[in-house]
file coords_26.txt (compact mmCIF, C-alpha atoms)
# COMPACT_ATOMS: atom_id res chain seq x y z
CA MET A 26 4.49 -20.37 -0.06
CA THR A 27 8.03 -21.45 0.85
CA ALA A 28 11.38 -21.34 -0.84
CA GLN A 29 10.98 -25.07 -1.54
CA ASN A 30 7.75 -24.49 -3.44
CA ASN A 31 8.60 -22.29 -6.40
CA PRO A 32 5.65 -22.01 -8.79
CA LEU A 33 6.82 -18.56 -9.91
CA THR A 34 10.34 -19.49 -10.98
CA ASP A 35 11.15 -17.63 -14.24
CA ARG A 36 8.39 -15.09 -13.54
CA VAL A 37 9.24 -11.40 -13.28
CA ALA A 38 7.31 -9.08 -11.00
CA LEU A 39 7.31 -5.35 -10.31
CA VAL A 40 6.01 -4.31 -6.89
CA THR A 41 5.66 -0.56 -6.56
CA GLY A 42 5.51 1.03 -3.14
CA ALA A 43 7.44 -1.95 -1.78
CA THR A 44 9.42 -0.15 0.90
CA ARG A 45 7.22 -1.33 3.75
CA GLY A 46 3.78 -2.64 4.69
CA ALA A 47 1.73 -4.58 2.16
CA GLY A 48 4.17 -3.85 -0.66
CA ARG A 49 7.06 -5.39 1.24
CA GLY A 50 4.99 -8.41 2.26
CA ILE A 51 3.87 -8.96 -1.33
CA ALA A 52 7.38 -8.65 -2.71
CA VAL A 53 8.79 -11.11 -0.17
CA GLU A 54 6.10 -13.72 -0.78
CA LEU A 55 6.53 -13.46 -4.55
CA GLY A 56 10.20 -14.07 -3.89
CA ALA A 57 9.36 -17.05 -1.68
CA ALA A 58 7.50 -18.49 -4.65
CA GLY A 59 10.64 -18.14 -6.78
CA ALA A 60 10.02 -14.90 -8.67
CA THR A 61 12.44 -12.19 -9.68
CA VAL A 62 11.00 -9.10 -8.04
CA TYR A 63 11.80 -5.49 -8.84
CA VAL A 64 10.88 -3.31 -5.89
CA THR A 65 10.44 0.44 -6.01
CA GLY A 66 10.08 3.24 -3.53
CA ARG A 67 11.63 6.55 -2.52
CA SER A 68 13.20 5.54 0.81
CA VAL A 69 16.77 4.38 0.26
CA ARG A 70 19.70 3.90 2.57
CA GLY A 71 20.99 7.29 3.61
CA LYS A 72 17.97 9.18 2.29
CA ARG A 73 14.43 8.93 3.59
CA SER A 74 11.36 10.16 1.74
CA GLU A 75 9.07 12.69 3.41
CA TYR A 76 7.39 9.66 4.96
CA ASN A 77 10.41 9.66 7.30
CA ARG A 78 10.38 5.96 8.13
CA PRO A 79 13.52 3.82 8.54
CA GLU A 80 12.54 1.06 6.09
CA THR A 81 14.29 1.08 2.70
CA ILE A 82 13.76 -0.60 -0.64
CA GLU A 83 17.23 -2.13 -0.39
CA GLU A 84 16.07 -3.98 2.73
CA THR A 85 13.00 -5.21 0.88
CA ALA A 86 15.11 -6.52 -2.01
CA GLU A 87 17.37 -8.34 0.45
CA LEU A 88 14.33 -9.93 2.10
CA VAL A 89 13.05 -11.07 -1.30
CA THR A 90 16.37 -12.76 -2.04
CA ALA A 91 16.55 -14.30 1.43
CA ALA A 92 13.08 -15.76 0.89
CA GLY A 93 14.27 -17.62 -2.20
CA GLY A 94 13.69 -15.19 -5.04
CA THR A 95 15.77 -12.48 -6.63
CA GLY A 96 15.17 -9.01 -5.25
CA ILE A 97 16.20 -5.94 -7.24
CA ALA A 98 15.75 -2.48 -5.72
CA VAL A 99 15.20 0.45 -8.10
CA PRO A 100 14.69 3.87 -6.46
CA THR A 101 11.73 5.38 -8.30
CA ASP A 102 9.36 8.29 -7.85
CA HIS A 103 6.26 7.16 -9.72
CA LEU A 104 5.06 10.75 -10.02
CA VAL A 105 7.95 11.33 -12.43
CA PRO A 106 7.06 9.60 -15.72
CA ALA A 107 10.64 9.62 -16.98
CA GLN A 108 11.75 7.60 -13.94
CA VAL A 109 9.00 5.04 -14.49
CA GLU A 110 9.81 4.83 -18.17
CA ALA A 111 13.46 4.17 -17.31
CA LEU A 112 12.43 1.55 -14.74
CA VAL A 113 10.39 -0.40 -17.28
CA ALA A 114 13.14 -0.07 -19.88
CA ARG A 115 15.57 -1.58 -17.37
CA ILE A 116 13.25 -4.51 -16.66
CA ASP A 117 12.88 -5.08 -20.39
CA ALA A 118 16.63 -4.93 -20.97
CA GLU A 119 17.45 -7.25 -18.06
CA GLN A 120 14.52 -9.70 -18.23
CA GLY A 121 12.69 -9.18 -21.52
CA ARG A 122 9.34 -9.70 -19.83
CA LEU A 123 7.03 -8.61 -17.02
CA ASP A 124 4.53 -11.10 -15.64
CA VAL A 125 3.15 -9.43 -12.51
CA LEU A 126 2.60 -5.75 -11.75
CA VAL A 127 1.52 -4.78 -8.23
CA ASN A 128 0.39 -1.16 -7.92
CA ASP A 129 0.76 -0.57 -4.18
CA ILE A 130 1.85 3.08 -4.02
CA PHE A 131 0.07 5.18 -1.41
CA GLY A 132 2.25 7.16 1.00
CA GLY A 133 -0.65 9.23 2.25
CA ASP A 134 -0.95 8.06 5.86
CA PHE A 135 0.33 11.35 7.24
CA LEU A 136 -1.68 13.47 4.79
CA ALA A 137 -5.18 12.34 5.75
CA ALA A 138 -6.96 14.12 8.61
CA TRP A 139 -9.63 11.79 9.96
CA ASP A 140 -13.29 12.81 9.92
CA THR A 141 -12.46 16.25 8.55
CA PRO A 142 -14.77 17.93 5.98
CA VAL A 143 -13.22 19.08 2.73
CA TRP A 144 -13.38 22.78 3.62
CA GLU A 145 -11.40 22.20 6.82
CA HIS A 146 -8.90 19.70 5.40
CA SER A 147 -5.57 20.92 4.06
CA LEU A 148 -6.09 21.20 0.33
CA ASP A 149 -2.39 20.76 -0.38
CA ASP A 150 -2.25 17.58 1.71
CA GLY A 151 -5.44 16.20 0.19
CA LEU A 152 -4.39 16.79 -3.40
CA ARG A 153 -0.92 15.39 -2.68
CA LEU A 154 -2.57 12.25 -1.27
CA LEU A 155 -4.63 11.83 -4.45
CA ARG A 156 -1.59 12.27 -6.66
CA LEU A 157 0.34 9.66 -4.68
CA ALA A 158 -2.56 7.21 -4.55
CA ILE A 159 -3.98 7.56 -8.07
CA GLU A 160 -1.71 9.41 -10.48
CA THR A 161 1.21 7.12 -9.64
CA HIS A 162 -0.83 4.05 -10.53
CA ILE A 163 -1.85 5.48 -13.90
CA VAL A 164 1.68 6.60 -14.76
CA THR A 165 2.96 3.13 -13.92
CA ALA A 166 0.27 1.41 -15.95
CA HIS A 167 0.97 3.62 -18.96
CA HIS A 168 4.61 2.61 -19.08
CA ALA A 169 4.45 -0.98 -17.76
CA PHE A 170 1.48 -2.43 -19.64
CA PRO A 171 3.19 -2.70 -23.06
CA LEU A 172 5.82 -4.98 -21.50
CA LEU A 173 3.23 -6.86 -19.44
CA ILE A 174 1.13 -7.79 -22.48
CA ARG A 175 4.10 -8.92 -24.55
CA ASN A 176 3.44 -12.41 -23.20
CA PRO A 177 -0.08 -13.69 -22.41
CA GLY A 178 -0.93 -14.48 -18.82
CA GLY A 179 0.09 -11.25 -17.11
CA LEU A 180 -1.38 -10.20 -13.78
CA VAL A 181 -2.07 -6.68 -12.47
CA VAL A 182 -2.96 -6.18 -8.80
CA GLU A 183 -4.32 -2.84 -7.61
CA VAL A 184 -3.83 -2.77 -3.83
CA THR A 185 -6.38 -0.77 -1.83
CA ASP A 186 -8.09 -0.57 1.55
CA GLY A 187 -11.54 -2.12 1.64
CA THR A 188 -13.60 -4.27 -0.68
CA ALA A 189 -15.90 -2.81 -3.31
CA GLU A 190 -18.89 -3.85 -1.20
CA TYR A 191 -17.56 -2.26 2.00
CA ASN A 192 -16.37 0.95 0.39
CA GLU A 193 -19.64 1.39 -1.45
CA GLU A 194 -21.54 1.36 1.83
CA ASN A 195 -19.06 3.18 4.07
CA TYR A 196 -17.47 6.63 3.93
CA ARG A 197 -13.73 6.25 4.52
CA LEU A 198 -12.25 8.95 6.81
CA ASN A 199 -12.46 11.97 4.49
CA VAL A 200 -13.12 12.74 0.84
CA PHE A 201 -9.48 12.41 -0.19
CA TYR A 202 -8.91 9.05 1.50
CA ASP A 203 -12.32 7.85 0.32
CA LEU A 204 -11.45 8.62 -3.30
CA ALA A 205 -7.96 7.18 -2.91
CA LYS A 206 -9.30 3.81 -1.78
CA ILE A 207 -12.27 3.54 -4.12
CA THR A 208 -10.27 4.47 -7.21
CA PRO A 209 -7.97 1.39 -7.35
CA ILE A 210 -11.09 -0.79 -7.42
CA ARG A 211 -12.35 1.12 -10.45
CA LEU A 212 -8.89 1.08 -12.01
CA ALA A 213 -8.83 -2.70 -11.77
CA ARG A 214 -12.08 -2.80 -13.72
CA SER A 215 -10.63 -0.42 -16.30
CA TRP A 216 -7.46 -2.47 -16.62
CA ALA A 217 -9.54 -5.63 -16.98
CA HIS A 218 -11.38 -4.01 -19.89
CA GLU A 219 -8.16 -2.90 -21.57
CA LEU A 220 -5.95 -5.90 -20.82
CA GLY A 221 -8.36 -8.81 -21.09
CA GLN A 222 -8.13 -9.02 -24.86
CA HIS A 223 -4.36 -9.36 -24.46
CA GLY A 224 -4.60 -12.34 -22.13
CA ALA A 225 -3.89 -10.45 -18.90
CA THR A 226 -5.91 -10.36 -15.68
CA ALA A 227 -6.46 -7.33 -13.44
CA VAL A 228 -7.89 -7.36 -9.92
CA ALA A 229 -8.21 -5.10 -6.90
CA LEU A 230 -6.97 -6.58 -3.63
CA THR A 231 -7.28 -5.41 -0.04
CA PRO A 232 -5.54 -6.71 3.04
CA GLY A 233 -7.39 -6.62 6.33
CA TRP A 234 -6.18 -4.72 9.37
CA LEU A 235 -2.50 -4.74 8.54
CA ARG A 236 0.21 -5.16 11.15
CA SER A 237 2.53 -2.92 9.18
CA GLU A 238 5.68 -1.45 10.65
CA LEU A 239 3.83 1.84 11.17
CA MET A 240 0.83 0.23 12.85
CA LEU A 241 3.01 -1.77 15.22
CA ASP A 242 4.85 1.42 16.15
CA ILE A 243 1.59 3.29 16.72
CA TYR A 244 0.53 0.68 19.26
CA GLY A 245 4.02 0.35 20.76
CA VAL A 246 4.30 -3.38 20.05
CA THR A 247 6.30 -5.73 17.87
CA GLU A 248 5.21 -8.64 15.74
CA GLU A 249 6.18 -10.96 18.60
CA ASN A 250 3.88 -9.32 21.17
CA TRP A 251 1.30 -7.73 18.89
CA ARG A 252 -1.62 -9.07 20.92
CA ASP A 253 -0.67 -6.64 23.70
CA ALA A 254 -2.13 -3.90 21.48
CA CYS A 255 -5.58 -5.43 21.95
CA ALA A 256 -5.66 -3.81 25.39
CA LYS A 257 -5.81 -0.43 23.62
CA GLN A 258 -7.81 -1.56 20.58
CA PRO A 259 -9.61 -4.86 21.15
CA HIS A 260 -10.55 -5.27 17.49
CA PHE A 261 -6.85 -5.47 16.62
CA VAL A 262 -7.37 -9.15 17.37
CA ILE A 263 -8.37 -9.62 13.71
CA SER A 264 -5.14 -8.07 12.35
CA GLU A 265 -2.80 -9.79 9.91
CA THR A 266 0.83 -9.54 8.82
CA PRO A 267 1.81 -8.12 5.41
CA HIS A 268 2.81 -11.66 4.44
CA PHE A 269 -0.84 -12.69 4.35
CA VAL A 270 -1.76 -10.36 1.48
CA GLY A 271 1.60 -11.28 -0.05
CA ARG A 272 0.58 -14.92 -0.12
CA ALA A 273 -2.70 -13.88 -1.72
CA VAL A 274 -0.82 -12.26 -4.60
CA ALA A 275 1.53 -15.23 -4.93
CA ALA A 276 -1.46 -17.59 -5.08
CA LEU A 277 -3.13 -15.47 -7.76
CA ALA A 278 0.06 -15.33 -9.81
CA ALA A 279 0.47 -19.11 -9.62
CA ASP A 280 -3.15 -19.88 -10.55
CA PRO A 281 -3.44 -20.78 -14.26
CA GLN A 282 -7.16 -19.99 -14.04
CA ARG A 283 -6.78 -16.56 -12.41
CA ASP A 284 -8.73 -14.93 -15.22
CA ARG A 285 -11.88 -16.09 -13.41
CA TRP A 286 -11.19 -13.13 -11.09
CA GLN A 287 -11.01 -10.65 -13.97
CA GLY A 288 -11.92 -7.15 -12.72
CA ALA A 289 -12.94 -8.40 -9.28
CA SER A 290 -12.50 -6.81 -5.88
CA LEU A 291 -10.78 -9.38 -3.66
CA SER A 292 -9.53 -9.61 -0.08
CA SER A 293 -6.69 -11.52 1.51
CA GLY A 294 -9.12 -13.34 3.80
CA GLY A 295 -11.42 -14.29 0.95
CA LEU A 296 -8.57 -15.63 -1.17
CA ALA A 297 -7.23 -17.61 1.78
CA ARG A 298 -10.50 -19.57 1.78
CA GLU A 299 -10.11 -20.16 -1.95
CA TYR A 300 -6.43 -21.12 -2.08
CA GLY A 301 -5.80 -22.49 1.41
CA PHE A 302 -2.82 -20.32 2.42
CA THR A 303 -2.41 -18.95 5.95
CA ASP A 304 -0.70 -16.11 7.74
CA LEU A 305 2.64 -16.64 9.47
CA ASP A 306 0.93 -17.97 12.60
CA GLY A 307 -1.15 -20.51 10.69
CA SER A 308 -4.39 -18.53 10.98
CA ALA A 309 -6.45 -17.10 8.11
CA PRO A 310 -8.06 -13.86 9.36
CA ASP A 311 -11.16 -12.82 7.42
CA ALA A 312 -11.00 -9.17 8.44
CA TRP A 313 -13.66 -7.61 6.25
CA ARG A 314 -16.33 -10.10 7.29
CA TYR A 315 -15.29 -9.47 10.90
CA VAL A 316 -15.48 -5.69 10.46
CA VAL A 317 -19.06 -5.88 9.21
CA GLU A 318 -20.35 -8.60 11.51
CA VAL A 319 -18.49 -7.75 14.73
CA GLN A 320 -16.75 -4.36 14.78
CA ASP A 321 -19.31 -2.24 12.89
CA ALA A 322 -22.13 -4.18 14.50
CA GLY A 323 -20.94 -2.96 17.91
CA LYS A 324 -20.21 -6.42 19.27
CA PRO A 325 -17.38 -7.18 21.71
CA ALA A 326 -14.07 -8.00 20.05
CA ASP A 327 -13.87 -11.74 19.44
CA ALA A 328 -12.14 -13.25 16.41
CA THR A 329 -13.49 -16.73 17.06
CA GLY A 330 -14.67 -18.07 13.72
CA TYR A 331 -12.96 -15.27 11.80
CA ARG A 332 -9.35 -16.44 11.82

call {"tool": "encode", "arguments": {"input": "coords_26.txt", "output": "structure tokens"}}
result
Amino acid sequence: MTAQNNPLTDRVALVTGATRGAGRGIAVELGAAGATVYVTGRSVRGKRSEYNRPETIEETAELVTAAGGTGIAVPTDHLVPAQVEALVARIDAEQGRLDVLVNDIFGGDFLAAWDTPVWEHSLDDGLRLLRLAIETHIVTAHHAFPLLIRNPGGLVVEVTDGTAEYNEENYRLNVFYDLAKITPIRLARSWAHELGQHGATAVALTPGWLRSELMLDIYGVTEENWRDACAKQPHFVISETPHFVGRAVAALAADPQRDRWQGASLSSGGLAREYGFTDLDGSAPDAWRYVVEVQDAGKPADATGYR
């Protein structure tokens, strides 16, 4: 998608959890396709959330506008129903419609202890993670769906980590993270059941190994020299930018036959094969196929044929 190709002009989107990572990439690519995009998060200029990262929702909104859309930042804590209700009321008052809802709230990266049994894991951290990853999505759906279904053709995207097939076969880090990443897939099926009769489509969508701001920092690299991280983690060779999953959402939103995906679990790599979009470098990494066939199979890191 580019600013010269605007299939989503006159469409209104809400991307929750858009401060950074996949949410930011999705918001920007919806903007590049011409959409008006409301972006929410808790990190604003002059006040960070407990996540304590420098990215802000104001920056995301500016990037949306620079890409060719209209970015509107609305500080929102989606665990506070009154704030979400006010957010949707504002969208209604200003736009009178909502065409795309992206539920991308997580914020649990620093709350999940890897490979830790439930009796050893911090209960407070684990339950906080579940509230951030699940309760926020349900609160948002409760308030946003009435506006979304006002016009037929709406799209709901539940962003997660892992496909239904992969998550069914693989335990993900610990019980809290496992539940947090399986639940959006089930929510998409629930939303499909509830929204289908109103002409809306709901899907679950996973990026691959995301080169988010946090991940780049962890490996001490930038987007320009990201391949240097492969010296520490060779399988990082399959990684993708947040724009790749963003282009997946933009392609779904622009597809008049997107209801063929109703209730499905999708991946950025899989949709790239379907719609023909690429990542910023022109590649199309198929991360989840790579994870199964190369990484989990114990083979040497080699993305040949996977991107």

call {"tool": "atom_distance", "arguments": {"input": "coords_26.txt", "atom1": "atom CA of Lys206 of chain A", "atom2": "atom CA of Glu219 of chain A"}}
result
20.9 Å

call {"tool": "residues_around", "arguments": {"input": "coords_26.txt", "residues": "segment 189-197 of chain A", "least_positions_apart": "3", "cutoff": "7 Å", "atoms": "all atoms listed in the file", "output": "PyMOL selection string"}}
result
chain A and resi 202-203+207+210+290

call {"tool": "atom_distance", "arguments": {"input": "coords_26.txt", "atom1": "atom CA of Thr95 of chain A", "atom2": "atom CA of Arg115 of chain A"}}
result
15.3 Å

call {"tool": "residues_around", "arguments": {"input": "coords_26.txt", "residues": "Arg252 of chain A", "least_positions_apart": "4", "cutoff": "10 Å", "atoms": "only C-alpha atoms", "output": "PyMOL selection string"}}
result
chain A and resi 246-248+256-259+261-264

call {"tool": "closest_residue", "arguments": {"input": "coords_26.txt", "among": "A:Ile82, A:Ala166, A:Val53, A:Val109", "to": "Thr65 of chain A", "atoms": "all atoms listed in the file"}}
result
A:Ile82

call {"tool": "closest_atom_pairs", "arguments": {"input": "coords_26.txt", "of": "segment 255-298 of chain A", "to": "segment 123-133 of chain A", "cutoff": "12 Å", "atoms": "all atoms listed in the file", "output": "CSV"}}
result
residue,atom,partner,partner_atom,distance
A:Val270,CA,A:Asp129,CA,11.6
A:Gly271,CA,A:Val127,CA,10.4
A:Ala273,CA,A:Val127,CA,12.0
A:Val274,CA,A:Val127,CA,8.6
A:Ala275,CA,A:Val125,CA,9.7
A:Ala276,CA,A:Val125,CA,12.0
A:Leu277,CA,A:Val125,CA,9.9
A:Ala278,CA,A:Val125,CA,7.2
A:Ala279,CA,A:Val125,CA,10.5

call {"tool": "write_last_selection", "arguments": {"input": "coords_26.txt", "atoms": "C-alpha atoms", "output": "PDB file, in the frame of the given file"}}
result
ATOM      1  CA  VAL A 270      -1.760 -10.360   1.480  1.00  0.00           C
ATOM      2  CA  GLY A 271       1.600 -11.280  -0.050  1.00  0.00           C
ATOM      3  CA  ALA A 273      -2.700 -13.880  -1.720  1.00  0.00           C
ATOM      4  CA  VAL A 274      -0.820 -12.260  -4.600  1.00  0.00           C
ATOM      5  CA  ALA A 275       1.530 -15.230  -4.930  1.00  0.00           C
ATOM      6  CA  ALA A 276      -1.460 -17.590  -5.080  1.00  0.00           C
ATOM      7  CA  LEU A 277      -3.130 -15.470  -7.760  1.00  0.00           C
ATOM      8  CA  ALA A 278       0.060 -15.330  -9.810  1.00  0.00           C
ATOM      9  CA  ALA A 279       0.470 -19.110  -9.620  1.00  0.00           C
TER      10      ALA A 279
END

call {"tool": "closest_residue", "arguments": {"input": "coords_26.txt", "among": "A:Lys324, A:Arg122, A:Arg283, A:His103", "to": "Ile163 of chain A", "atoms": "only C-alpha atoms"}}
result
A:His103

call {"tool": "residues_around", "arguments": {"input": "coords_26.txt", "residues": "Arg211 of chain A", "least_positions_apart": "2", "cutoff": "10 Å", "atoms": "only C-alpha atoms", "output": "list in words"}}
result
Glu183, Ala189, Lys206, Ile207, Thr208, Pro209, Ala213, Arg214, Ser215, Trp216, Ala217, Val228, Ala229, Gly288, Ala289 and Ser290 of chain A

call {"tool": "atom_distance", "arguments": {"input": "coords_26.txt", "atom1": "atom CA of Asn250 of chain A", "atom2": "atom CA of Arg298 of chain A"}}
result
26.2 Å

call {"tool": "closest_residue", "arguments": {"input": "coords_26.txt", "among": "A:Val184, A:Leu230, A:Val62, A:Leu235", "to": "His268 of chain A", "atoms": "only C-alpha atoms"}}
result
A:Leu235

call {"tool": "axis_aligned_box", "arguments": {"input": "coords_26.txt", "around": "segment 175-183 of chain A", "padding_each_side": "6 Å", "output": "AutoDock Vina command-line options"}}
result
--center_x -0.1 --center_y -8.7 --center_z -16.1 --size_x 20.4 --size_y 23.6 --size_z 28.9

call {"tool": "residues_around", "arguments": {"input": "coords_26.txt", "residues": "segment 68-72 of chain A", "least_positions_apart": "5", "cutoff": "12 Å", "atoms": "all atoms listed in the file", "output": "count of residues only"}}
result
20

call {"tool": "closest_residue", "arguments": {"input": "coords_26.txt", "among": "A:Gly221, A:Gly96, A:Gly151, A:Gly307", "to": "Trp286 of chain A", "atoms": "all atoms listed in the file"}}
result
A:Gly221

call {"tool": "closest_residue", "arguments": {"input": "coords_26.txt", "among": "A:Asp186, A:Glu318, A:Asp134, A:Glu87", "to": "Glu75 of chain A", "atoms": "all atoms listed in the file"}}
result
A:Asp134

call {"tool": "closest_residue", "arguments": {"input": "coords_26.txt", "among": "A:Ala254, A:Leu212, A:Leu180, A:Val319", "to": "Gln282 of chain A", "atoms": "all atoms listed in the file"}}
result
A:Leu180

call {"tool": "residues_around", "arguments": {"input": "coords_26.txt", "residues": "Gly295 of chain A", "least_positions_apart": "2", "cutoff": "12 Å", "atoms": "all atoms listed in the file", "output": "count of residues only"}}
result
29
